[in-house]
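So this one's work26.cif, mmCIF, C-alpha atoms:
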```
data_coords
loop_
_atom_site.group_PDB
_atom_site.id
_atom_site.type_symbol
_atom_site.label_atom_id
_atom_site.label_comp_id
_atom_site.auth_asym_id
_atom_site.auth_seq_id
_atom_site.Cartn_x
_atom_site.Cartn_y
_atom_site.Cartn_z
ATOM 1 C CA MET A 1 -23.785 14.897 -14.749
ATOM 2 C CA SER A 2 -20.270 14.340 -13.417
ATOM 3 C CA ARG A 3 -17.546 16.136 -15.299
ATOM 4 C CA PRO A 4 -14.689 14.018 -16.719
ATOM 5 C CA PRO A 5 -11.502 13.929 -14.676
ATOM 6 C CA GLU A 6 -8.470 16.032 -15.449
ATOM 7 C CA PHE A 7 -5.554 14.050 -16.917
ATOM 8 C CA LYS A 8 -1.856 14.711 -16.563
ATOM 9 C CA THR A 9 1.263 12.694 -17.384
ATOM 10 C CA LEU A 10 4.758 12.707 -15.891
ATOM 11 C CA ARG A 11 7.958 10.810 -16.517
ATOM 12 C CA ALA A 12 10.041 10.147 -13.408
ATOM 13 C CA THR A 13 13.744 10.871 -13.765
ATOM 14 C CA VAL A 14 16.753 9.359 -12.025
ATOM 15 C CA SER A 15 18.395 11.710 -9.527
ATOM 16 C CA THR A 16 22.184 11.684 -9.198
ATOM 17 C CA SER A 17 22.099 13.405 -5.782
ATOM 18 C CA LEU A 18 19.291 11.468 -4.098
ATOM 19 C CA THR A 19 20.178 8.399 -1.993
ATOM 20 C CA ALA A 20 17.998 5.927 -0.098
ATOM 21 C CA THR A 21 19.681 3.474 2.286
ATOM 22 C CA LEU A 22 17.926 0.631 4.054
ATOM 23 C CA GLY A 23 18.830 -0.059 7.661
ATOM 24 C CA THR A 24 19.095 -3.500 9.236
ATOM 25 C CA PRO A 25 15.648 -5.131 9.036
ATOM 26 C CA ARG A 26 13.948 -6.714 12.034
ATOM 27 C CA LEU A 27 11.549 -9.646 11.854
ATOM 28 C CA LEU A 28 7.952 -8.937 12.787
ATOM 29 C CA ARG A 29 6.624 -11.493 15.272
ATOM 30 C CA TYR A 30 3.574 -11.328 17.531
ATOM 31 C CA ASP A 31 4.209 -11.160 21.275
ATOM 32 C CA HIS A 32 1.908 -14.120 21.958
ATOM 33 C CA GLY A 33 3.243 -16.457 19.260
ATOM 34 C CA PRO A 34 0.884 -18.563 17.129
ATOM 35 C CA HIS A 35 -2.868 -18.602 17.777
ATOM 36 C CA PRO A 36 -4.107 -21.843 16.160
ATOM 37 C CA LEU A 37 -7.709 -21.379 17.273
ATOM 38 C CA GLU A 38 -7.842 -18.079 15.389
ATOM 39 C CA ASP A 39 -5.834 -19.492 12.459
ATOM 40 C CA LEU A 40 -3.147 -16.909 13.113
ATOM 41 C CA PRO A 41 0.584 -17.654 12.765
ATOM 42 C CA GLY A 42 3.137 -16.345 15.224
ATOM 43 C CA HIS A 43 4.500 -13.771 12.785
ATOM 44 C CA VAL A 44 3.301 -11.000 10.501
ATOM 45 C CA ARG A 45 2.938 -12.306 6.947
ATOM 46 C CA ALA A 46 2.964 -10.432 3.671
ATOM 47 C CA ALA A 47 3.236 -6.882 5.048
ATOM 48 C CA SER A 48 1.611 -4.674 2.426
ATOM 49 C CA SER A 49 1.282 -1.197 3.965
ATOM 50 C CA ILE A 50 2.133 0.701 7.140
ATOM 51 C CA ARG A 51 0.514 3.786 8.632
ATOM 52 C CA ARG A 52 0.860 5.693 11.883
ATOM 53 C CA GLN A 53 -2.396 5.959 13.847
ATOM 54 C CA GLY A 54 -1.745 8.038 16.934
ATOM 55 C CA HIS A 55 1.342 6.611 18.626
ATOM 56 C CA ARG A 56 1.087 3.175 17.057
ATOM 57 C CA LEU A 57 1.981 1.749 13.663
ATOM 58 C CA VAL A 58 -0.660 -0.350 11.905
ATOM 59 C CA ILE A 59 0.586 -2.904 9.363
ATOM 60 C CA LEU A 60 -1.630 -4.505 6.736
ATOM 61 C CA GLN A 61 -1.180 -8.091 5.569
ATOM 62 C CA ASP A 62 -2.420 -8.923 2.097
ATOM 63 C CA ASP A 63 -3.028 -12.650 2.726
ATOM 64 C CA VAL A 64 -4.174 -12.667 6.369
ATOM 65 C CA SER A 65 -7.469 -11.465 7.805
ATOM 66 C CA ALA A 66 -5.776 -9.552 10.613
ATOM 67 C CA LEU A 67 -3.986 -6.264 11.085
ATOM 68 C CA ALA A 68 -0.749 -6.008 13.065
ATOM 69 C CA VAL A 69 -0.293 -3.177 15.569
ATOM 70 C CA LEU A 70 3.263 -2.237 16.517
ATOM 71 C CA ASP A 71 4.291 -0.049 19.449
ATOM 72 C CA PRO A 72 7.424 1.747 18.128
ATOM 73 C CA GLY A 73 8.657 2.420 21.652
ATOM 74 C CA THR A 74 8.562 -1.124 23.004
ATOM 75 C CA GLY A 75 8.495 -3.187 19.812
ATOM 76 C CA SER A 76 5.390 -4.984 21.077
ATOM 77 C CA THR A 77 3.346 -6.393 18.169
ATOM 78 C CA GLN A 78 -0.283 -7.443 18.575
ATOM 79 C CA PRO A 79 -2.955 -8.536 16.070
ATOM 80 C CA ILE A 80 -6.379 -7.066 15.427
ATOM 81 C CA LEU A 81 -8.549 -9.824 13.997
ATOM 82 C CA LEU A 82 -10.707 -9.284 10.934
ATOM 83 C CA PRO A 83 -13.653 -11.514 9.954
ATOM 84 C CA ALA A 84 -12.545 -15.029 9.045
ATOM 85 C CA GLY A 85 -13.114 -16.509 5.605
ATOM 86 C CA PRO A 86 -14.622 -19.863 4.602
ATOM 87 C CA ASP A 87 -14.104 -22.644 7.186
ATOM 88 C CA GLY A 88 -12.796 -20.078 9.674
ATOM 89 C CA ALA A 89 -9.618 -19.447 7.692
ATOM 90 C CA ARG A 90 -7.622 -16.268 8.248
ATOM 91 C CA VAL A 91 -4.594 -17.282 6.182
ATOM 92 C CA PHE A 92 -4.974 -17.511 2.412
ATOM 93 C CA ASP A 93 -2.383 -18.864 -0.009
ATOM 94 C CA ASP A 94 -1.761 -21.300 -2.857
ATOM 95 C CA THR A 95 -0.678 -24.145 -0.591
ATOM 96 C CA ARG A 96 -4.081 -24.079 1.117
ATOM 97 C CA GLY A 97 -5.888 -23.641 -2.168
ATOM 98 C CA ASN A 98 -7.864 -20.676 -0.811
ATOM 99 C CA LYS A 99 -5.878 -17.701 -2.146
ATOM 100 C CA LYS A 100 -8.910 -16.491 -4.130
ATOM 101 C CA PHE A 101 -10.716 -15.670 -0.860
ATOM 102 C CA LYS A 102 -8.172 -13.196 0.520
ATOM 103 C CA MET A 103 -9.154 -9.525 0.890
ATOM 104 C CA ASP A 104 -5.753 -8.409 -0.397
ATOM 105 C CA LEU A 105 -5.568 -5.305 1.785
ATOM 106 C CA GLU A 106 -2.807 -3.268 0.145
ATOM 107 C CA ALA A 107 -3.237 0.415 1.054
ATOM 108 C CA CYS A 108 -4.363 2.500 4.007
ATOM 109 C CA VAL A 109 -4.782 6.065 5.208
ATOM 110 C CA VAL A 110 -5.581 7.775 8.498
ATOM 111 C CA LEU A 111 -8.427 10.270 8.182
ATOM 112 C CA PRO A 112 -8.528 13.644 9.967
ATOM 113 C CA ASP A 113 -10.804 12.071 12.621
ATOM 114 C CA GLU A 114 -8.025 9.461 13.267
ATOM 115 C CA ARG A 115 -9.897 6.549 11.705
ATOM 116 C CA LEU A 116 -7.705 4.176 9.752
ATOM 117 C CA VAL A 117 -9.145 3.095 6.404
ATOM 118 C CA ALA A 118 -7.650 0.070 4.631
ATOM 119 C CA PHE A 119 -8.342 -0.701 0.980
ATOM 120 C CA GLY A 120 -8.309 -3.982 -0.891
ATOM 121 C CA SER A 121 -6.479 -3.923 -4.206
ATOM 122 C CA GLY A 122 -9.693 -4.276 -6.231
ATOM 123 C CA SER A 123 -7.985 -6.751 -8.566
ATOM 124 C CA THR A 124 -10.869 -9.256 -8.124
ATOM 125 C CA PRO A 125 -14.409 -8.917 -6.696
ATOM 126 C CA GLN A 126 -13.282 -10.565 -3.438
ATOM 127 C CA ARG A 127 -10.656 -7.828 -3.093
ATOM 128 C CA GLU A 128 -13.128 -4.954 -3.128
ATOM 129 C CA LYS A 129 -13.309 -4.687 0.659
ATOM 130 C CA ILE A 130 -12.759 -1.593 2.800
ATOM 131 C CA VAL A 131 -11.841 -1.926 6.482
ATOM 132 C CA THR A 132 -12.067 0.878 9.045
ATOM 133 C CA ILE A 133 -10.820 1.029 12.612
ATOM 134 C CA ALA A 134 -11.151 3.893 15.082
ATOM 135 C CA SER A 135 -8.143 5.098 17.050
ATOM 136 C CA GLY A 136 -7.542 3.914 20.569
ATOM 137 C CA LYS A 137 -6.825 0.635 22.276
ATOM 138 C CA GLY A 138 -9.562 -1.956 21.929
ATOM 139 C CA ALA A 139 -11.218 -0.411 18.865
ATOM 140 C CA MET A 140 -12.896 -3.023 16.681
ATOM 141 C CA ALA A 141 -12.379 -3.255 12.951
ATOM 142 C CA GLN A 142 -15.376 -2.738 10.678
ATOM 143 C CA GLN A 143 -15.564 -4.266 7.199
ATOM 144 C CA LEU A 144 -17.726 -3.087 4.310
ATOM 145 C CA SER A 145 -18.166 -3.857 0.659
ATOM 146 C CA GLY A 146 -16.675 -1.331 -1.731
ATOM 147 C CA SER A 147 -18.031 -2.805 -4.959
ATOM 148 C CA ASP A 148 -19.498 0.486 -6.249
ATOM 149 C CA PHE A 149 -16.398 2.390 -5.191
ATOM 150 C CA TYR A 150 -14.077 0.003 -7.020
ATOM 151 C CA ALA A 151 -16.315 -0.076 -10.071
ATOM 152 C CA SER A 152 -15.835 3.684 -10.387
ATOM 153 C CA LEU A 153 -12.046 3.207 -10.258
ATOM 154 C CA ARG A 154 -12.013 0.225 -12.617
ATOM 155 C CA VAL A 155 -13.298 2.364 -15.462
ATOM 156 C CA HIS A 156 -9.966 4.161 -15.586
ATOM 157 C CA ALA A 157 -7.896 0.970 -15.528
ATOM 158 C CA ALA A 158 -10.080 -0.571 -18.239
ATOM 159 C CA ALA A 159 -9.472 2.481 -20.436
ATOM 160 C CA HIS A 160 -5.786 1.462 -20.391
ATOM 161 C CA ASP A 161 -6.563 -2.225 -20.959
ATOM 162 C CA THR A 162 -5.213 -3.244 -17.563
ATOM 163 C CA ARG A 163 -6.457 -4.704 -14.289
ATOM 164 C CA LEU A 164 -7.248 -2.380 -11.390
ATOM 165 C CA ASN A 165 -4.609 -2.865 -8.686
ATOM 166 C CA ILE A 166 -4.625 -0.262 -5.892
ATOM 167 C CA GLU A 167 -1.381 -0.641 -3.925
ATOM 168 C CA GLY A 168 -1.026 2.639 -2.039
ATOM 169 C CA ALA A 169 -3.069 5.519 -0.671
ATOM 170 C CA VAL A 170 -2.399 8.864 1.009
ATOM 171 C CA VAL A 171 -4.325 11.800 2.381
ATOM 172 C CA HIS A 172 -2.784 14.831 0.673
ATOM 173 C CA GLY A 173 -4.429 18.069 1.740
ATOM 174 C CA GLU A 174 -8.027 17.941 0.549
ATOM 175 C CA ARG A 175 -7.439 14.894 -1.645
ATOM 176 C CA LEU A 176 -7.568 11.145 -1.180
ATOM 177 C CA ARG A 177 -4.928 9.802 -3.581
ATOM 178 C CA LEU A 178 -4.991 6.143 -4.651
ATOM 179 C CA LEU A 179 -1.933 4.603 -6.322
ATOM 180 C CA GLN A 180 -2.537 2.192 -9.187
ATOM 181 C CA ARG A 181 0.336 -0.253 -9.618
ATOM 182 C CA GLY A 182 1.352 -1.198 -13.116
ATOM 183 C CA ILE A 183 2.163 -4.789 -14.085
ATOM 184 C CA GLY A 184 5.887 -5.559 -14.127
ATOM 185 C CA GLU A 185 5.855 -8.190 -16.873
ATOM 186 C CA ARG A 186 9.039 -8.055 -18.906
ATOM 187 C CA GLY A 187 8.356 -6.126 -22.093
ATOM 188 C CA GLY A 188 4.691 -5.707 -21.142
ATOM 189 C CA LYS A 189 2.505 -2.652 -20.823
ATOM 190 C CA SER A 190 2.517 -0.954 -17.424
ATOM 191 C CA TRP A 191 0.108 1.744 -16.225
ATOM 192 C CA ASN A 192 1.092 3.493 -12.999
ATOM 193 C CA ALA A 193 -1.232 6.271 -11.975
ATOM 194 C CA ILE A 194 -2.507 8.305 -9.032
ATOM 195 C CA LEU A 195 -6.294 8.655 -8.885
ATOM 196 C CA ASP A 196 -7.468 11.709 -6.946
ATOM 197 C CA LEU A 197 -10.817 12.063 -5.155
ATOM 198 C CA SER A 198 -12.204 14.709 -2.833
ATOM 199 C CA LEU A 199 -11.338 13.642 0.711
ATOM 200 C CA ASN A 200 -14.432 15.281 2.205
ATOM 201 C CA ARG A 201 -16.732 13.607 -0.304
ATOM 202 C CA PHE A 202 -15.068 10.246 0.275
ATOM 203 C CA VAL A 203 -15.585 10.537 4.050
ATOM 204 C CA SER A 204 -19.213 11.556 3.500
ATOM 205 C CA TRP A 205 -19.730 8.516 1.275
ATOM 206 C CA LEU A 206 -17.975 6.251 3.767
ATOM 207 C CA ASP A 207 -20.343 7.488 6.489
ATOM 208 C CA GLY A 208 -23.400 6.975 4.269
ATOM 209 C CA ARG A 209 -24.252 10.672 3.983
ATOM 210 C CA ASN A 210 -23.554 11.365 0.312
ATOM 211 C CA PRO A 211 -23.176 9.609 -3.042
ATOM 212 C CA LEU A 212 -20.011 7.988 -4.299
ATOM 213 C CA PRO A 213 -17.253 10.525 -5.037
ATOM 214 C CA PRO A 214 -15.953 10.551 -8.629
ATOM 215 C CA VAL A 215 -12.301 10.493 -9.627
ATOM 216 C CA ARG A 216 -11.430 14.141 -10.244
ATOM 217 C CA ARG A 217 -7.890 13.772 -11.534
ATOM 218 C CA VAL A 218 -5.670 11.066 -12.996
ATOM 219 C CA LEU A 219 -1.908 11.548 -12.852
ATOM 220 C CA GLU A 220 -0.091 8.981 -14.994
ATOM 221 C CA ILE A 221 3.589 8.473 -14.117
ATOM 222 C CA ASP A 222 6.127 6.577 -16.189
ATOM 223 C CA LEU A 223 8.401 5.011 -13.573
ATOM 224 C CA GLY A 224 10.783 3.295 -15.959
ATOM 225 C CA ALA A 225 12.153 -0.240 -15.566
ATOM 226 C CA VAL A 226 14.872 -2.371 -14.003
ATOM 227 C CA ALA A 227 16.515 -4.936 -16.315
ATOM 228 C CA GLY A 228 13.568 -4.644 -18.667
ATOM 229 C CA VAL A 229 10.931 -5.162 -15.952
ATOM 230 C CA SER A 230 8.624 -2.214 -15.374
ATOM 231 C CA LEU A 231 8.592 -0.558 -11.974
ATOM 232 C CA GLY A 232 5.234 -0.352 -10.223
ATOM 233 C CA PHE A 233 4.008 1.652 -7.244
ATOM 234 C CA THR A 234 3.846 -0.236 -3.937
ATOM 235 C CA ASP A 235 3.069 2.541 -1.426
ATOM 236 C CA ALA A 236 3.489 6.219 -0.578
ATOM 237 C CA ALA A 237 3.489 8.702 2.302
ATOM 238 C CA VAL A 238 3.099 12.480 2.540
ATOM 239 C CA THR A 239 5.839 14.491 4.255
ATOM 240 C CA GLY A 240 5.564 17.762 6.162
ATOM 241 C CA ASP A 241 6.684 19.856 3.191
ATOM 242 C CA GLY A 242 3.807 18.549 1.052
ATOM 243 C CA ARG A 243 5.798 16.135 -1.092
ATOM 244 C CA VAL A 244 4.769 12.528 -1.705
ATOM 245 C CA ALA A 245 7.433 9.930 -0.930
ATOM 246 C CA PHE A 246 6.783 6.727 -2.853
ATOM 247 C CA LEU A 247 8.117 3.211 -3.307
ATOM 248 C CA ALA A 248 8.222 1.326 -6.597
ATOM 249 C CA CYS A 249 9.343 -2.262 -7.210
ATOM 250 C CA ALA A 250 10.219 -4.121 -10.397
ATOM 251 C CA GLU A 251 8.496 -7.494 -9.910
ATOM 252 C CA ASP A 252 8.707 -9.861 -12.868
ATOM 253 C CA THR A 253 5.143 -11.150 -13.001
ATOM 254 C CA ARG A 254 2.512 -11.639 -15.669
ATOM 255 C CA ASP A 255 -0.402 -10.084 -13.809
ATOM 256 C CA ALA A 256 -1.645 -8.518 -10.576
ATOM 257 C CA LEU A 257 -2.646 -11.877 -9.074
ATOM 258 C CA ASN A 258 0.727 -13.651 -9.036
ATOM 259 C CA ASP A 259 4.043 -12.920 -7.344
ATOM 260 C CA GLY A 260 7.390 -12.923 -9.113
ATOM 261 C CA PRO A 261 11.066 -12.229 -8.466
ATOM 262 C CA VAL A 262 11.890 -8.659 -7.432
ATOM 263 C CA LEU A 263 14.693 -7.217 -9.535
ATOM 264 C CA GLY A 264 14.951 -3.900 -7.739
ATOM 265 C CA CYS A 265 13.176 -1.353 -5.574
ATOM 266 C CA GLN A 266 13.297 2.424 -5.816
ATOM 267 C CA PHE A 267 12.432 5.418 -3.668
ATOM 268 C CA GLY A 268 10.951 8.509 -5.251
ATOM 269 C CA TRP A 269 9.744 12.031 -4.563
ATOM 270 C CA LEU A 270 6.720 13.590 -6.220
ATOM 271 C CA ASP A 271 6.813 17.330 -5.580
ATOM 272 C CA ALA A 272 3.959 19.123 -3.863
ATOM 273 C CA ASP A 273 2.560 20.498 -7.145
ATOM 274 C CA ASP A 274 2.872 17.268 -9.161
ATOM 275 C CA GLN A 275 5.294 18.969 -11.532
ATOM 276 C CA ALA A 276 8.234 16.550 -11.230
ATOM 277 C CA ALA A 277 9.103 13.089 -9.935
ATOM 278 C CA VAL A 278 12.636 11.906 -9.153
ATOM 279 C CA MET A 279 13.810 8.438 -8.123
ATOM 280 C CA THR A 280 16.821 6.532 -6.863
ATOM 281 C CA THR A 281 17.687 2.873 -6.271
ATOM 282 C CA ILE A 282 17.270 1.699 -2.674
ATOM 283 C CA VAL A 283 20.476 0.120 -1.378
ATOM 284 C CA ASP A 284 21.403 -1.804 1.741
ATOM 285 C CA ARG A 285 24.068 -0.736 4.233
ATOM 286 C CA ASP A 286 26.757 -2.262 2.015
ATOM 287 C CA GLY A 287 25.630 -0.130 -0.910
ATOM 288 C CA GLN A 288 24.084 -3.033 -2.813
ATOM 289 C CA PRO A 289 20.643 -2.679 -4.451
ATOM 290 C CA THR A 290 18.007 -4.335 -2.294
ATOM 291 C CA HIS A 291 15.853 -7.117 -3.690
ATOM 292 C CA LEU A 292 13.378 -6.937 -0.822
ATOM 293 C CA LYS A 293 9.826 -6.249 -1.943
ATOM 294 C CA LEU A 294 9.205 -3.061 0.037
ATOM 295 C CA GLU A 295 5.435 -2.611 0.144
ATOM 296 C CA GLY A 296 4.848 -0.006 2.836
ATOM 297 C CA ILE A 297 6.322 3.360 3.805
ATOM 298 C CA GLU A 298 5.447 5.856 6.537
ATOM 299 C CA THR A 299 6.991 9.095 7.758
ATOM 300 C CA ARG A 300 8.443 9.408 11.227
ATOM 301 C CA ILE A 301 6.774 11.743 13.740
ATOM 302 C CA ASP A 302 9.596 14.268 13.437
ATOM 303 C CA GLY A 303 8.946 14.515 9.703
ATOM 304 C CA GLY A 304 12.627 14.230 8.830
ATOM 305 C CA SER A 305 14.422 12.176 6.219
ATOM 306 C CA VAL A 306 13.951 8.783 7.905
ATOM 307 C CA PHE A 307 11.002 6.546 7.073
ATOM 308 C CA ASP A 308 9.632 3.256 8.376
ATOM 309 C CA VAL A 309 9.264 0.638 5.639
ATOM 310 C CA VAL A 310 7.942 -2.941 5.604
ATOM 311 C CA ALA A 311 8.821 -5.814 3.287
ATOM 312 C CA ASP A 312 6.657 -8.689 2.077
ATOM 313 C CA MET A 313 8.846 -11.805 1.848
ATOM 314 C CA ASP A 314 6.381 -13.685 -0.428
ATOM 315 C CA ARG A 315 6.902 -16.766 1.786
ATOM 316 C CA GLY A 316 4.259 -17.731 4.282
ATOM 317 C CA ASP A 317 6.775 -19.235 6.708
ATOM 318 C CA GLU A 318 9.046 -16.184 6.724
ATOM 319 C CA PRO A 319 8.129 -13.165 8.869
ATOM 320 C CA ALA A 320 7.643 -9.803 7.217
ATOM 321 C CA GLN A 321 10.374 -7.284 7.958
ATOM 322 C CA LEU A 322 10.463 -3.720 9.273
ATOM 323 C CA ALA A 323 13.390 -1.372 8.642
ATOM 324 C CA GLU A 324 14.252 2.293 8.571
ATOM 325 C CA LEU A 325 14.930 3.986 5.268
ATOM 326 C CA ILE A 326 17.329 6.913 5.371
ATOM 327 C CA VAL A 327 16.936 9.392 2.503
ATOM 328 C CA ARG A 328 19.476 12.072 1.667
ATOM 329 C CA GLU A 329 19.269 14.754 -1.032
#
```
Do you think you could lay out the structure here as structure tokens?
Amino acid sequence: MSRPPEFKTLRATVSTSLTATLGTPRLLRYDHGPHPLEDLPGHVRAASSIRRQGHRLVILQDDVSALAVLDPGTGSTQPILLPAGPDGARVFDDTRGNKKFKMDLEACVVLPDERLVAFGSGSTPQREKIVTIASGKGAMAQQLSGSDFYASLRVHAAAHDTRLNIEGAVVHGERLRLLQRGIGERGGKSWNAILDLSLNRFVSWLDGRNPLPPVRRVLEIDLGAVAGVSLGFTDAAVTGDGRVAFLACAEDTRDALNDGPVLGCQFGWLDADDQAAVMTTIVDRDGQPTHLKLEGIETRIDGGSVFDVVADMDRGDEPAQLAELIVRE
């Protein structure tokens, strides 16, 4: 019988010495422009995570059945198509009336064997998909159902009377760490947590060799609020010194299925031993708090204090944005 997971709680504190400054964003557009036959617009929509796979950056889109691949050296941006939905649709939103069919890919990691694994949020049954893609040019994406996997995670969200909503993921040593995003409703209850699984057991399950890995540890983190709206995790990345860099946004929304205005976005550090978390408001080059919904963060190859971040504009006709985030301590 599986042993119950270890539980730990933390309260993030505001750092007076930490700063996080957003550089000038650039719009993310595909080299080839629109592809009507594939139901693909000419720009990256709803960027929800970013991860380095080899020398390229892979960007998830939460309302499009396609990944975007960016060459950091040239700026070239190409799509990798995922299976289309009903009626051949690859774009899903309220205006089309098909939002319920989107996979809602929100988090991704690169495994030690260089495979990229993308996770749906798990907030509805349709969003319980897992997508994998091997490294190298021309690799095809593979999609599989993660219903049992998400059911094992949902138990922990249900215990806190909230909807499962996985928004970030990292490989941290021997652990796969999944970030649960709390709801930002004004005055509501928000549960932000990191769910830890054995990385080796997850890979074995993914490859069909072993049973589903259980959650071994739950780290609950109180991220605070902005103007009364709770902050919620949106993504994370692991740096060379073993710390977890994370993003959190205060989005005024009633639940995990609907967007709302973003009142602020913060950068944070979780130390290598999970003993402390510190945060600071992300500002633009003029020193003003950003209201961009930053949903993805990745370390640079040199492992320094500059990160790549992507923003979801929450408008289907507006390209997602990529910017550098400069952190100083």
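Across the structure, atom CA of A:Cys249 and atom CA of A:Val109 are spaced 20.6 Å apart.
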Problem set entry | Resolved residues for the PyMOL selection byres ((chain A and resi 180) around 6) as a PyMOL selection string | chain A and resi 165-166+179+181+192-193
For this session: Starting from the point (-9.5, 11.8, -2.5), work out which residues of protein, DNA or RNA have an atom no more than 12 Å away when counting all atoms listed in the file; state them as a PyMOL selection string.
Result: chain A and resi 109+111+149+153+169-179+194-206+212-218
Problem set entry | Who sits within 12 Å of A:His35, only C-alpha atoms, same chain under 4 positions skipped, as an MDAnalysis selection string | chainID A and resid 30:31 39:43 66 78:79 81 90:91
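A straight line drawn from atom CA of A:Asp222 to atom CA of A:Glu6 is 17.4 Å long.
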Problem set entry | Evaluate the PyMOL selection byres ((chain A and resi 55) around 10) and report residues as a VMD selection string | chain A and resid 52 to 54 56 to 58 70 to 73 135 to 136 301
Problem set entry | Best match for closeness to A:Ala227 among A:Trp191, A:Gly208, A:Gly264, A:Asp62, counting only C-alpha atoms |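 Closest to A:Ala227 of all the choices is A:Gly264.
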Problem set entry | Result set, the PyMOL selection byres ((chain A and resi 86) around 12) on current file, as a list in words | Asp39, Ser65, Pro83, Ala84, Gly85, Asp87, Gly88, Ala89, Arg90, Val91, Phe92, Arg96, Gly97, Asn98, Lys99, Lys100, Phe101 and Lys102 of chain A
Exercise. Using only C-alpha atoms, which of the listed residues (A:Asn210, A:Val155, A:Ala20, A:Ala107) sits closest to A:Pro289?
Worked result: A:Ala20
For this session: Check the smallest atom-to-atom distance from each of A:Met279, A:Val238, A:Val226, A:Met140 to A:Val262 using all atoms listed in the file, then report the winner.
Result: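 Nearest to A:Val262: A:Val226.
Shortest separation to A:Ser145 among A:Gln61, A:Ser76, A:Ser17, A:Gln126 occurs at residue A:Gln126, atoms counted being all atoms listed in the file.
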Problem set entry | Shortest interatomic distance to A:Gly240 - which of A:Leu27, A:Ile221, A:Ala272, A:Val14, counting all atoms listed in the file |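 Selected residue with least distance to A:Gly240: A:Ala272.
Going from atom CA of A:Arg285 to atom CA of A:Arg26 covers 14.1 Å.
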For this session: Please identify all polymer residues within 10 Å of A:Leu263, counting all atoms listed in the file, omitting same-chain residues fewer than 4 positions from it, and present them as a list in words.
Result: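 Everything that qualifies: Ala225, Val226, Ala227, Gly228, Val229, Ser230, Leu231, Cys249, Ala250, Glu251, Asp252, Pro289, Thr290, His291, Leu292 and Lys293 of chain A.
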For this session: Would you kindly return, as a VMD selection string, each protein, DNA or RNA residue with an atom no farther than 7 Å from any atom of A:Leu60, considering all atoms listed in the file and excluding same-chain residues fewer than 2 positions away?
Result: chain A and resid 47 to 50 58 62 67 to 68 105 to 106
Problem set entry | Polymer residues at most 7 Å from A:Ile297, only C-alpha atoms, same-chain spacing of 4 or more positions, as an MDAnalysis selection string | chainID A and resid 49:50 235:237 307:310
